[in-house]
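Asks: Got a structure for you, written out below as structure tokens; questions coming shortly.
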Amino acid sequence: MRVAHFFRRRAASSAQSSGRGWPAVGRMLWASPCSAIGALFGGLMLLGGGSLRRLEGTLEFALSPRLAASAFGRWLPFAAITFGQVILGVSHDELARVRAHERVHVQQYERLGVLFLIAYPLASVLAWRRGLCPYRGNCFEVEAYAVDDGGDEEGSSDRDEVVDDADRW
Ligand SMILES: [Zn+2]
């Protein structure tokens, strides 16, 4: 039994290390044109007093607290938005709140690279043509919200869902 446990641990550890080896570098390179767009906006946020955190293969940029509380911060129609492996958010608290959802978008960028920038709006048009909401009916959002819904312990009221719709992209 101990031997089996040892082999399971080895298999798990080698699977983990392969995720950090070439495939991880390949995913980073594939998503990098989109990450560069995010980094450009993130750089502007830093110039405006924002802050940056590196977390599990992603960069999370947050607005400065003053800018987040300003008319501009309140006007933003989302709490966070993802470009490649870069996630831009109103604040680090908001970034933590929507992290699971945005991480799904990171994985989508890692799969599709720059094609995601075409595929995402196309998926919204297809959803709209099928009579669905262009945002919630978008197959990429359906995948991202599936993670959210799975992780929702309390269940949310209709009002919460409407608020959530507006602040994750
Ligand atoms: Zn989303």
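In the structure tokens, chains take letters A, B, ... by order of appearance, with residues numbered from 1 within each chain and ligands from 1 in the order shown.
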Taking only residues of chain A that have an atom at most 12 Å from an atom of ligand 1, what is each one's shortest atom pair and its distance in Å to one decimal, using only C-alpha atoms and all ligand atoms, in chain and number order, as JSON lines?
Replies:
```
{"residue": "A:Phe78", "atom": "CA", "partner": "ligand 1", "partner_atom_place_in_ligand_line": "1 (Zn)", "distance": 9.6}
{"residue": "A:Ala79", "atom": "CA", "partner": "ligand 1", "partner_atom_place_in_ligand_line": "1 (Zn)", "distance": 10.4}
{"residue": "A:Ala80", "atom": "CA", "partner": "ligand 1", "partner_atom_place_in_ligand_line": "1 (Zn)", "distance": 8.6}
{"residue": "A:Ile81", "atom": "CA", "partner": "ligand 1", "partner_atom_place_in_ligand_line": "1 (Zn)", "distance": 7.5}
{"residue": "A:Thr82", "atom": "CA", "partner": "ligand 1", "partner_atom_place_in_ligand_line": "1 (Zn)", "distance": 8.2}
{"residue": "A:Phe83", "atom": "CA", "partner": "ligand 1", "partner_atom_place_in_ligand_line": "1 (Zn)", "distance": 11.1}
{"residue": "A:Ile87", "atom": "CA", "partner": "ligand 1", "partner_atom_place_in_ligand_line": "1 (Zn)", "distance": 11.2}
{"residue": "A:Val98", "atom": "CA", "partner": "ligand 1", "partner_atom_place_in_ligand_line": "1 (Zn)", "distance": 9.1}
{"residue": "A:Arg99", "atom": "CA", "partner": "ligand 1", "partner_atom_place_in_ligand_line": "1 (Zn)", "distance": 10.3}
{"residue": "A:Ala100", "atom": "CA", "partner": "ligand 1", "partner_atom_place_in_ligand_line": "1 (Zn)", "distance": 10.0}
{"residue": "A:His101", "atom": "CA", "partner": "ligand 1", "partner_atom_place_in_ligand_line": "1 (Zn)", "distance": 6.2}
{"residue": "A:Glu102", "atom": "CA", "partner": "ligand 1", "partner_atom_place_in_ligand_line": "1 (Zn)", "distance": 6.2}
{"residue": "A:Arg103", "atom": "CA", "partner": "ligand 1", "partner_atom_place_in_ligand_line": "1 (Zn)", "distance": 9.3}
{"residue": "A:Val104", "atom": "CA", "partner": "ligand 1", "partner_atom_place_in_ligand_line": "1 (Zn)", "distance": 8.0}
{"residue": "A:His105", "atom": "CA", "partner": "ligand 1", "partner_atom_place_in_ligand_line": "1 (Zn)", "distance": 6.6}
{"residue": "A:Val106", "atom": "CA", "partner": "ligand 1", "partner_atom_place_in_ligand_line": "1 (Zn)", "distance": 10.0}
{"residue": "A:Gln107", "atom": "CA", "partner": "ligand 1", "partner_atom_place_in_ligand_line": "1 (Zn)", "distance": 11.7}
{"residue": "A:Gln108", "atom": "CA", "partner": "ligand 1", "partner_atom_place_in_ligand_line": "1 (Zn)", "distance": 10.5}
{"residue": "A:Tyr109", "atom": "CA", "partner": "ligand 1", "partner_atom_place_in_ligand_line": "1 (Zn)", "distance": 12.0}
{"residue": "A:Tyr120", "atom": "CA", "partner": "ligand 1", "partner_atom_place_in_ligand_line": "1 (Zn)", "distance": 10.1}
{"residue": "A:Ser124", "atom": "CA", "partner": "ligand 1", "partner_atom_place_in_ligand_line": "1 (Zn)", "distance": 11.8}
{"residue": "A:Pro134", "atom": "CA", "partner": "ligand 1", "partner_atom_place_in_ligand_line": "1 (Zn)", "distance": 11.8}
{"residue": "A:Tyr135", "atom": "CA", "partner": "ligand 1", "partner_atom_place_in_ligand_line": "1 (Zn)", "distance": 8.3}
{"residue": "A:Arg136", "atom": "CA", "partner": "ligand 1", "partner_atom_place_in_ligand_line": "1 (Zn)", "distance": 8.6}
{"residue": "A:Gly137", "atom": "CA", "partner": "ligand 1", "partner_atom_place_in_ligand_line": "1 (Zn)", "distance": 11.1}
{"residue": "A:Asn138", "atom": "CA", "partner": "ligand 1", "partner_atom_place_in_ligand_line": "1 (Zn)", "distance": 9.2}
{"residue": "A:Cys139", "atom": "CA", "partner": "ligand 1", "partner_atom_place_in_ligand_line": "1 (Zn)", "distance": 10.0}
{"residue": "A:Phe140", "atom": "CA", "partner": "ligand 1", "partner_atom_place_in_ligand_line": "1 (Zn)", "distance": 7.2}
{"residue": "A:Glu141", "atom": "CA", "partner": "ligand 1", "partner_atom_place_in_ligand_line": "1 (Zn)", "distance": 4.9}
{"residue": "A:Val142", "atom": "CA", "partner": "ligand 1", "partner_atom_place_in_ligand_line": "1 (Zn)", "distance": 8.3}
{"residue": "A:Glu143", "atom": "CA", "partner": "ligand 1", "partner_atom_place_in_ligand_line": "1 (Zn)", "distance": 8.6}
{"residue": "A:Ala144", "atom": "CA", "partner": "ligand 1", "partner_atom_place_in_ligand_line": "1 (Zn)", "distance": 5.9}
{"residue": "A:Tyr145", "atom": "CA", "partner": "ligand 1", "partner_atom_place_in_ligand_line": "1 (Zn)", "distance": 7.2}
{"residue": "A:Ala146", "atom": "CA", "partner": "ligand 1", "partner_atom_place_in_ligand_line": "1 (Zn)", "distance": 10.5}
{"residue": "A:Val147", "atom": "CA", "partner": "ligand 1", "partner_atom_place_in_ligand_line": "1 (Zn)", "distance": 10.6}
{"residue": "A:Asp148", "atom": "CA", "partner": "ligand 1", "partner_atom_place_in_ligand_line": "1 (Zn)", "distance": 10.0}
{"residue": "A:Asp164", "atom": "CA", "partner": "ligand 1", "partner_atom_place_in_ligand_line": "1 (Zn)", "distance": 10.0}
{"residue": "A:Asp165", "atom": "CA", "partner": "ligand 1", "partner_atom_place_in_ligand_line": "1 (Zn)", "distance": 8.6}
{"residue": "A:Ala166", "atom": "CA", "partner": "ligand 1", "partner_atom_place_in_ligand_line": "1 (Zn)", "distance": 9.6}
{"residue": "A:Asp167", "atom": "CA", "partner": "ligand 1", "partner_atom_place_in_ligand_line": "1 (Zn)", "distance": 8.4}
{"residue": "A:Arg168", "atom": "CA", "partner": "ligand 1", "partner_atom_place_in_ligand_line": "1 (Zn)", "distance": 4.8}
{"residue": "A:Trp169", "atom": "CA", "partner": "ligand 1", "partner_atom_place_in_ligand_line": "1 (Zn)", "distance": 3.5}
```
Asks: Selection from above, N, CA and C atoms, as a compact mmCIF listing (two decimals), in the first residue's frame, can you write it?
Replies:
```txt
# COMPACT_ATOMS: atom_id res chain seq x y z
N PHE A 78 -17.14 46.70 -15.60
CA PHE A 78 -16.69 45.37 -15.15
C PHE A 78 -15.75 45.52 -13.96
N ALA A 79 -15.66 44.45 -13.17
CA ALA A 79 -14.72 44.43 -12.04
C ALA A 79 -13.35 44.00 -12.51
N ALA A 80 -13.31 43.17 -13.56
CA ALA A 80 -12.04 42.67 -14.08
C ALA A 80 -12.18 42.27 -15.53
N ILE A 81 -11.07 42.31 -16.25
CA ILE A 81 -11.05 41.89 -17.65
C ILE A 81 -9.70 41.22 -17.91
N THR A 82 -9.70 40.19 -18.76
CA THR A 82 -8.49 39.40 -18.98
C THR A 82 -7.99 39.56 -20.42
N PHE A 83 -6.68 39.75 -20.54
CA PHE A 83 -6.00 39.71 -21.84
C PHE A 83 -4.84 38.73 -21.70
N ILE A 87 -4.55 39.97 -16.02
CA ILE A 87 -5.91 40.27 -15.56
C ILE A 87 -5.90 41.68 -14.97
N VAL A 98 -13.26 37.54 -8.37
CA VAL A 98 -13.60 36.98 -9.70
C VAL A 98 -12.47 36.13 -10.28
N ARG A 99 -11.51 35.76 -9.42
CA ARG A 99 -10.32 35.06 -9.93
C ARG A 99 -10.65 33.76 -10.66
N ALA A 100 -11.52 32.93 -10.10
CA ALA A 100 -11.81 31.63 -10.73
C ALA A 100 -12.38 31.84 -12.14
N HIS A 101 -13.26 32.81 -12.28
CA HIS A 101 -13.87 33.12 -13.59
C HIS A 101 -12.80 33.60 -14.57
N GLU A 102 -11.98 34.54 -14.14
CA GLU A 102 -10.98 35.11 -15.05
C GLU A 102 -9.92 34.07 -15.41
N ARG A 103 -9.63 33.15 -14.49
CA ARG A 103 -8.65 32.09 -14.79
C ARG A 103 -9.13 31.20 -15.93
N VAL A 104 -10.44 31.02 -16.05
CA VAL A 104 -10.96 30.24 -17.18
C VAL A 104 -10.66 30.98 -18.47
N HIS A 105 -10.81 32.31 -18.46
CA HIS A 105 -10.49 33.09 -19.66
C HIS A 105 -8.98 33.01 -19.97
N VAL A 106 -8.15 32.98 -18.94
CA VAL A 106 -6.70 32.81 -19.16
C VAL A 106 -6.46 31.50 -19.91
N GLN A 107 -7.12 30.43 -19.46
CA GLN A 107 -6.95 29.12 -20.12
C GLN A 107 -7.46 29.17 -21.57
N GLN A 108 -8.54 29.93 -21.79
CA GLN A 108 -9.07 30.05 -23.16
C GLN A 108 -8.05 30.77 -24.06
N TYR A 109 -7.43 31.82 -23.53
CA TYR A 109 -6.36 32.50 -24.30
C TYR A 109 -5.20 31.55 -24.55
N TYR A 120 -14.01 35.33 -29.53
CA TYR A 120 -14.91 35.80 -28.46
C TYR A 120 -16.05 36.65 -29.02
N SER A 124 -20.23 35.84 -29.39
CA SER A 124 -21.32 36.72 -28.94
C SER A 124 -22.34 36.91 -30.05
N PRO A 134 -25.96 38.10 -25.76
CA PRO A 134 -24.62 38.04 -26.38
C PRO A 134 -23.51 37.81 -25.35
N TYR A 135 -23.77 38.21 -24.09
CA TYR A 135 -22.74 38.02 -23.06
C TYR A 135 -22.90 36.65 -22.38
N ARG A 136 -24.04 36.41 -21.73
CA ARG A 136 -24.20 35.15 -20.99
C ARG A 136 -24.36 33.94 -21.92
N GLY A 137 -24.78 34.19 -23.16
CA GLY A 137 -24.92 33.09 -24.11
C GLY A 137 -23.63 32.77 -24.85
N ASN A 138 -22.64 33.64 -24.71
CA ASN A 138 -21.33 33.42 -25.34
C ASN A 138 -20.71 32.15 -24.75
N CYS A 139 -20.30 31.21 -25.61
CA CYS A 139 -19.82 29.91 -25.11
C CYS A 139 -18.60 30.04 -24.19
N PHE A 140 -17.78 31.09 -24.40
CA PHE A 140 -16.62 31.28 -23.53
C PHE A 140 -17.06 31.73 -22.13
N GLU A 141 -18.12 32.54 -22.07
CA GLU A 141 -18.65 32.95 -20.77
C GLU A 141 -19.39 31.80 -20.09
N VAL A 142 -20.07 30.98 -20.90
CA VAL A 142 -20.77 29.82 -20.33
C VAL A 142 -19.75 28.95 -19.61
N GLU A 143 -18.58 28.74 -20.25
CA GLU A 143 -17.52 27.93 -19.63
C GLU A 143 -17.00 28.59 -18.36
N ALA A 144 -16.80 29.92 -18.41
CA ALA A 144 -16.26 30.62 -17.24
C ALA A 144 -17.27 30.66 -16.10
N TYR A 145 -18.55 30.87 -16.42
CA TYR A 145 -19.57 30.91 -15.37
C TYR A 145 -19.82 29.53 -14.78
N ALA A 146 -19.54 28.47 -15.54
CA ALA A 146 -19.72 27.12 -15.01
C ALA A 146 -18.81 26.92 -13.80
N VAL A 147 -17.62 27.52 -13.83
CA VAL A 147 -16.69 27.43 -12.70
C VAL A 147 -17.24 28.23 -11.54
N ASP A 148 -17.74 29.44 -11.84
CA ASP A 148 -18.34 30.27 -10.80
C ASP A 148 -19.49 29.57 -10.11
N ASP A 164 -23.51 40.31 -10.94
CA ASP A 164 -22.35 39.54 -11.39
C ASP A 164 -22.19 39.61 -12.90
N ASP A 165 -23.33 39.61 -13.62
CA ASP A 165 -23.26 39.65 -15.09
C ASP A 165 -22.45 40.84 -15.56
N ALA A 166 -22.62 41.95 -14.86
CA ALA A 166 -22.03 43.19 -15.34
C ALA A 166 -20.56 43.32 -15.00
N ASP A 167 -20.05 42.48 -14.11
CA ASP A 167 -18.70 42.80 -13.69
C ASP A 167 -17.66 41.70 -13.93
N ARG A 168 -17.95 40.79 -14.80
CA ARG A 168 -16.91 39.80 -15.19
C ARG A 168 -16.83 39.73 -16.69
N TRP A 169 -15.66 39.88 -17.25
CA TRP A 169 -15.50 39.77 -18.71
C TRP A 169 -14.37 38.85 -19.05
```
Asks: Contacts of Ala39 of chain A at 10 Å or less, counting only C-alpha atoms, minus same-chain residues fewer than 6 places along, as a ChimeraX atom specification?
Replies: /A:32-33,45,59-61,83-88
Asks: Output the selection as a short mmCIF file (atom, residue, chain, number, x, y, z; two decimals), in the first residue's frame - N, CA and C atoms for each residue.
Replies:
```cif
data_model
loop_
_atom_site.label_atom_id
_atom_site.label_comp_id
_atom_site.auth_asym_id
_atom_site.auth_seq_id
_atom_site.Cartn_x
_atom_site.Cartn_y
_atom_site.Cartn_z
N SER A 32 1.02 35.23 -25.57
CA SER A 32 1.79 36.45 -25.30
C SER A 32 1.33 37.70 -26.09
N PRO A 33 0.88 37.59 -27.36
CA PRO A 33 0.42 38.83 -28.01
C PRO A 33 -0.75 39.46 -27.25
N MET A 45 -2.06 51.63 -15.87
CA MET A 45 -2.63 51.60 -14.52
C MET A 45 -1.56 51.86 -13.47
N LEU A 59 -0.42 37.84 -14.22
CA LEU A 59 -0.16 39.15 -13.64
C LEU A 59 -1.50 39.81 -13.37
N GLU A 60 -1.70 40.28 -12.15
CA GLU A 60 -2.95 40.96 -11.80
C GLU A 60 -2.65 42.43 -11.51
N PHE A 61 -3.22 43.31 -12.32
CA PHE A 61 -3.06 44.76 -12.13
C PHE A 61 -4.35 45.31 -11.52
N PHE A 83 -6.68 39.75 -20.54
CA PHE A 83 -6.00 39.71 -21.84
C PHE A 83 -4.84 38.73 -21.70
N GLY A 84 -4.93 37.59 -22.36
CA GLY A 84 -3.86 36.59 -22.23
C GLY A 84 -3.71 36.17 -20.78
N GLN A 85 -2.49 36.28 -20.27
CA GLN A 85 -2.24 35.89 -18.88
C GLN A 85 -2.21 37.11 -17.96
N VAL A 86 -2.78 38.21 -18.43
CA VAL A 86 -2.84 39.45 -17.65
C VAL A 86 -4.29 39.74 -17.30
N ILE A 87 -4.55 39.97 -16.02
CA ILE A 87 -5.91 40.27 -15.56
C ILE A 87 -5.90 41.68 -14.97
N LEU A 88 -6.78 42.53 -15.49
CA LEU A 88 -6.88 43.91 -15.03
C LEU A 88 -8.13 44.03 -14.17
#
```
Asks: Looking only at the backbone, which of the residues in segment 33-163 of chain A does DSSP tag as strand (DSSP E or B), as a ChimeraX atom specification?
Replies: /A:51-55,58-62,80-83,86-89
Asks: Which residue gives the smallest distance to Ala24 of chain A among A:Leu67, A:Ser51, A:Thr58, A:Trp128, with only C-alpha atoms counted?
Replies: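 For Ala24 of chain A, the nearest of the given residues is A:Thr58.
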Asks: If you measure from atom CA of Leu112 of chain A to atom CA of Trp30 of chain A, what distance in Å do you get, rounded to one decimal?
Replies: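 So the answer is 7.8 Å.
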